[in-house]
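Peer 1: Following this message is one structure expressed as structure tokens.
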Amino acid sequence: MNWWLLILRGCLAVLFGVVAFVWPQITLLALVFLWGAFALVDGAASALLGSSGRWWPMVLHGAIGVIAALAAFLFPGLTALVLLYLIAAWAIVRGAFLMAAAIQLRRRMRGEWLLLDAGASILLGLLLVLFPGAGLLSLVWLIGVYAIISGALTLILAFRVRSLRGRREPGDVGPGVPAW
């Protein structure tokens with residue numbers, strides 16, 4: 001295994017994480033554009049697949065994907081805000097259903113307080129609606145923290161793999177090459 005590729009990967013992840021903290025607006029914009037690129041490719045591929053078999057639902061799916069991608073490219077700030085509001089709505093609806101489940105469970109068992117997650121979910125949704133800027137910033141920072149932790153762990157793995165060079169274990173397929 002090329003341990004130096006792991007080092008490169010780990011360094012890039014840590015660098016991305018640092019960039020997410022130093023330039024959160026640019027990071028958010030990059031994430032929106034990356035999603036837009038995915039939606040464009042996915043939509044175009046779906047439309048092509050659907051048109052070759054004359055399957056209109058796939059063509060419609062593709063057209064919606066392409067339109068969503070164009071909206072992301074033309075209105076990146078709005079796209080990020082819409083995504084945040086979708087997450088907020090999901091959290092509020094999820095919390096409401098969990099609360100209803102907790103009320104039903106209260107009649108049958110003890111410990112329905114374990115569904116207090118309902119309140120946390122509703123609170124998260126409301127906070128995202130009330131403070132969308134902070135919500136977007138928090139999302140970017142969480143991604144940054146994840147990237148830094150992931151990169152650091154990858155770097156540790158790279159040095160562990162490097163220390164295996166030259167060692168032969170049962171099942172190795174060649175000198176210094178583990179079977180995995």
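Following the order of the structure tokens, chains are lettered A, B, ..., residues in each are numbered from 1, and ligands are numbered from 1.
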Can you list, as a JSON list (two decimals) with C-alpha atoms, in the first residue's frame, every residue of range 16-180 of chain A that DSSP puts in alpha helix (DSSP H)?

Peer 2:
[["chain", "number", "residue", "atom", "x", "y", "z"],
["A", 16, "PHE", "CA", -9.98, 21.41, 3.91],
["A", 17, "GLY", "CA", -11.05, 21.45, 7.57],
["A", 18, "VAL", "CA", -8.88, 24.49, 8.29],
["A", 19, "VAL", "CA", -10.25, 26.27, 5.19],
["A", 20, "ALA", "CA", -13.78, 25.57, 6.46],
["A", 21, "PHE", "CA", -12.94, 27.52, 9.63],
["A", 22, "VAL", "CA", -10.94, 30.31, 8.01],
["A", 24, "PRO", "CA", -16.66, 29.44, 5.87],
["A", 25, "GLN", "CA", -18.48, 31.42, 3.17],
["A", 26, "ILE", "CA", -16.20, 30.08, 0.42],
["A", 27, "THR", "CA", -16.55, 26.55, 1.82],
["A", 28, "LEU", "CA", -20.34, 26.82, 1.82],
["A", 29, "LEU", "CA", -20.29, 28.16, -1.73],
["A", 30, "ALA", "CA", -18.05, 25.27, -2.81],
["A", 31, "LEU", "CA", -20.43, 22.77, -1.21],
["A", 32, "VAL", "CA", -23.41, 24.32, -2.99],
["A", 33, "PHE", "CA", -21.56, 24.23, -6.33],
["A", 34, "LEU", "CA", -20.47, 20.64, -5.73],
["A", 35, "TRP", "CA", -24.08, 19.66, -5.07],
["A", 36, "GLY", "CA", -25.12, 21.61, -8.17],
["A", 37, "ALA", "CA", -22.58, 19.70, -10.28],
["A", 38, "PHE", "CA", -23.89, 16.41, -8.91],
["A", 39, "ALA", "CA", -27.52, 17.41, -9.61],
["A", 40, "LEU", "CA", -26.59, 18.48, -13.15],
["A", 41, "VAL", "CA", -24.79, 15.24, -14.01],
["A", 42, "ASP", "CA", -27.43, 13.10, -12.30],
["A", 43, "GLY", "CA", -30.27, 14.99, -14.02],
["A", 44, "ALA", "CA", -28.68, 14.85, -17.46],
["A", 45, "ALA", "CA", -27.96, 11.14, -17.11],
["A", 46, "SER", "CA", -31.52, 10.44, -15.95],
["A", 47, "ALA", "CA", -32.99, 12.43, -18.83],
["A", 48, "LEU", "CA", -30.84, 10.58, -21.34],
["A", 49, "LEU", "CA", -31.67, 7.20, -19.85],
["A", 50, "GLY", "CA", -35.37, 8.00, -19.79],
["A", 51, "SER", "CA", -35.46, 9.31, -23.34],
["A", 52, "SER", "CA", -33.72, 6.25, -24.73],
["A", 56, "TRP", "CA", -41.25, 9.88, -19.14],
["A", 57, "PRO", "CA", -40.89, 9.72, -15.31],
["A", 58, "MET", "CA", -37.13, 9.37, -15.71],
["A", 59, "VAL", "CA", -37.05, 12.25, -18.21],
["A", 60, "LEU", "CA", -39.07, 14.41, -15.79],
["A", 61, "HIS", "CA", -36.74, 13.45, -12.93],
["A", 62, "GLY", "CA", -33.78, 14.45, -15.10],
["A", 63, "ALA", "CA", -35.31, 17.78, -16.08],
["A", 64, "ILE", "CA", -36.01, 18.63, -12.43],
["A", 65, "GLY", "CA", -32.40, 17.74, -11.56],
["A", 66, "VAL", "CA", -31.02, 19.98, -14.30],
["A", 67, "ILE", "CA", -33.30, 22.86, -13.23],
["A", 68, "ALA", "CA", -32.26, 22.43, -9.59],
["A", 69, "ALA", "CA", -28.60, 22.44, -10.64],
["A", 70, "LEU", "CA", -29.05, 25.63, -12.66],
["A", 71, "ALA", "CA", -30.78, 27.24, -9.67],
["A", 72, "ALA", "CA", -27.85, 26.23, -7.45],
["A", 73, "PHE", "CA", -25.35, 27.81, -9.87],
["A", 74, "LEU", "CA", -27.38, 30.98, -10.44],
["A", 76, "PRO", "CA", -26.03, 29.76, -4.53],
["A", 77, "GLY", "CA", -27.00, 31.77, -1.44],
["A", 78, "LEU", "CA", -30.65, 30.96, -1.91],
["A", 79, "THR", "CA", -29.83, 27.30, -2.50],
["A", 80, "ALA", "CA", -27.90, 27.10, 0.78],
["A", 81, "LEU", "CA", -30.77, 28.81, 2.60],
["A", 82, "VAL", "CA", -33.39, 26.51, 1.07],
["A", 83, "LEU", "CA", -31.32, 23.48, 2.11],
["A", 84, "LEU", "CA", -31.09, 24.85, 5.64],
["A", 85, "TYR", "CA", -34.88, 25.40, 5.78],
["A", 86, "LEU", "CA", -35.50, 21.87, 4.49],
["A", 87, "ILE", "CA", -33.34, 20.52, 7.31],
["A", 88, "ALA", "CA", -35.18, 22.75, 9.80],
["A", 89, "ALA", "CA", -38.60, 21.57, 8.56],
["A", 90, "TRP", "CA", -37.48, 17.95, 8.72],
["A", 91, "ALA", "CA", -36.28, 18.42, 12.30],
["A", 92, "ILE", "CA", -39.54, 20.04, 13.41],
["A", 93, "VAL", "CA", -41.74, 17.40, 11.75],
["A", 94, "ARG", "CA", -39.56, 14.61, 13.10],
["A", 95, "GLY", "CA", -39.80, 16.07, 16.59],
["A", 96, "ALA", "CA", -43.59, 16.35, 16.37],
["A", 97, "PHE", "CA", -43.93, 12.69, 15.37],
["A", 98, "LEU", "CA", -41.55, 11.60, 18.12],
["A", 99, "MET", "CA", -43.57, 13.60, 20.62],
["A", 100, "ALA", "CA", -46.76, 11.87, 19.49],
["A", 101, "ALA", "CA", -45.01, 8.51, 19.86],
["A", 102, "ALA", "CA", -43.87, 9.45, 23.37],
["A", 103, "ILE", "CA", -47.46, 10.28, 24.38],
["A", 104, "GLN", "CA", -48.65, 6.92, 23.05],
["A", 105, "LEU", "CA", -45.81, 5.03, 24.73],
["A", 106, "ARG", "CA", -46.50, 6.70, 28.06],
["A", 117, "ASP", "CA", -35.10, 13.68, 21.50],
["A", 118, "ALA", "CA", -38.40, 15.01, 20.15],
["A", 119, "GLY", "CA", -37.92, 18.27, 21.99],
["A", 120, "ALA", "CA", -34.28, 18.53, 20.91],
["A", 121, "SER", "CA", -35.29, 17.96, 17.30],
["A", 122, "ILE", "CA", -37.99, 20.64, 17.44],
["A", 123, "LEU", "CA", -35.58, 23.02, 19.17],
["A", 124, "LEU", "CA", -32.95, 22.45, 16.48],
["A", 125, "GLY", "CA", -35.48, 23.16, 13.74],
["A", 126, "LEU", "CA", -36.70, 26.34, 15.42],
["A", 127, "LEU", "CA", -33.14, 27.58, 16.01],
["A", 128, "LEU", "CA", -32.29, 27.00, 12.34],
["A", 129, "VAL", "CA", -35.38, 28.96, 11.28],
["A", 130, "LEU", "CA", -34.73, 31.81, 13.72],
["A", 132, "PRO", "CA", -30.28, 30.75, 9.58],
["A", 133, "GLY", "CA", -26.88, 32.44, 9.28],
["A", 134, "ALA", "CA", -25.62, 30.76, 12.42],
["A", 135, "GLY", "CA", -27.11, 27.48, 11.25],
["A", 136, "LEU", "CA", -25.23, 27.60, 7.95],
["A", 137, "LEU", "CA", -22.02, 28.58, 9.72],
["A", 138, "SER", "CA", -22.46, 25.74, 12.21],
["A", 139, "LEU", "CA", -22.97, 23.27, 9.38],
["A", 140, "VAL", "CA", -19.73, 24.37, 7.69],
["A", 141, "TRP", "CA", -17.85, 24.21, 10.99],
["A", 142, "LEU", "CA", -19.13, 20.69, 11.71],
["A", 143, "ILE", "CA", -17.91, 19.59, 8.29],
["A", 144, "GLY", "CA", -14.58, 21.27, 9.06],
["A", 145, "VAL", "CA", -14.23, 19.48, 12.40],
["A", 146, "TYR", "CA", -15.04, 16.18, 10.72],
["A", 147, "ALA", "CA", -12.45, 16.81, 7.98],
["A", 148, "ILE", "CA", -9.72, 17.65, 10.51],
["A", 149, "ILE", "CA", -10.44, 14.57, 12.65],
["A", 150, "SER", "CA", -10.68, 12.33, 9.58],
["A", 151, "GLY", "CA", -7.43, 13.76, 8.18],
["A", 152, "ALA", "CA", -5.58, 13.32, 11.47],
["A", 153, "LEU", "CA", -6.71, 9.70, 11.75],
["A", 154, "THR", "CA", -5.65, 9.08, 8.14],
["A", 155, "LEU", "CA", -2.21, 10.53, 8.89],
["A", 156, "ILE", "CA", -1.82, 8.22, 11.87],
["A", 157, "LEU", "CA", -2.84, 5.30, 9.68],
["A", 158, "ALA", "CA", -0.30, 6.36, 7.02],
["A", 159, "PHE", "CA", 2.58, 6.22, 9.48],
["A", 160, "ARG", "CA", 1.38, 2.88, 10.84],
["A", 161, "VAL", "CA", 1.25, 1.50, 7.29],
["A", 162, "ARG", "CA", 4.70, 2.94, 6.59]]

Peer 1: Mind pulling up the distance from CA of Leu5 in chain A to CA of Trp23 in chain A?

Peer 2: 26.1 Å

Peer 1: Return the single residue from A:Phe75, A:Trp4, A:Gly53, A:Phe131 that is closest to Ser163 in chain A, with distances computed using only C-alpha atoms.

Peer 2: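 Checking each of A:Phe75, A:Trp4, A:Gly53, A:Phe131 against Ser163 in chain A, counting only C-alpha atoms, the winner is A:Trp4.
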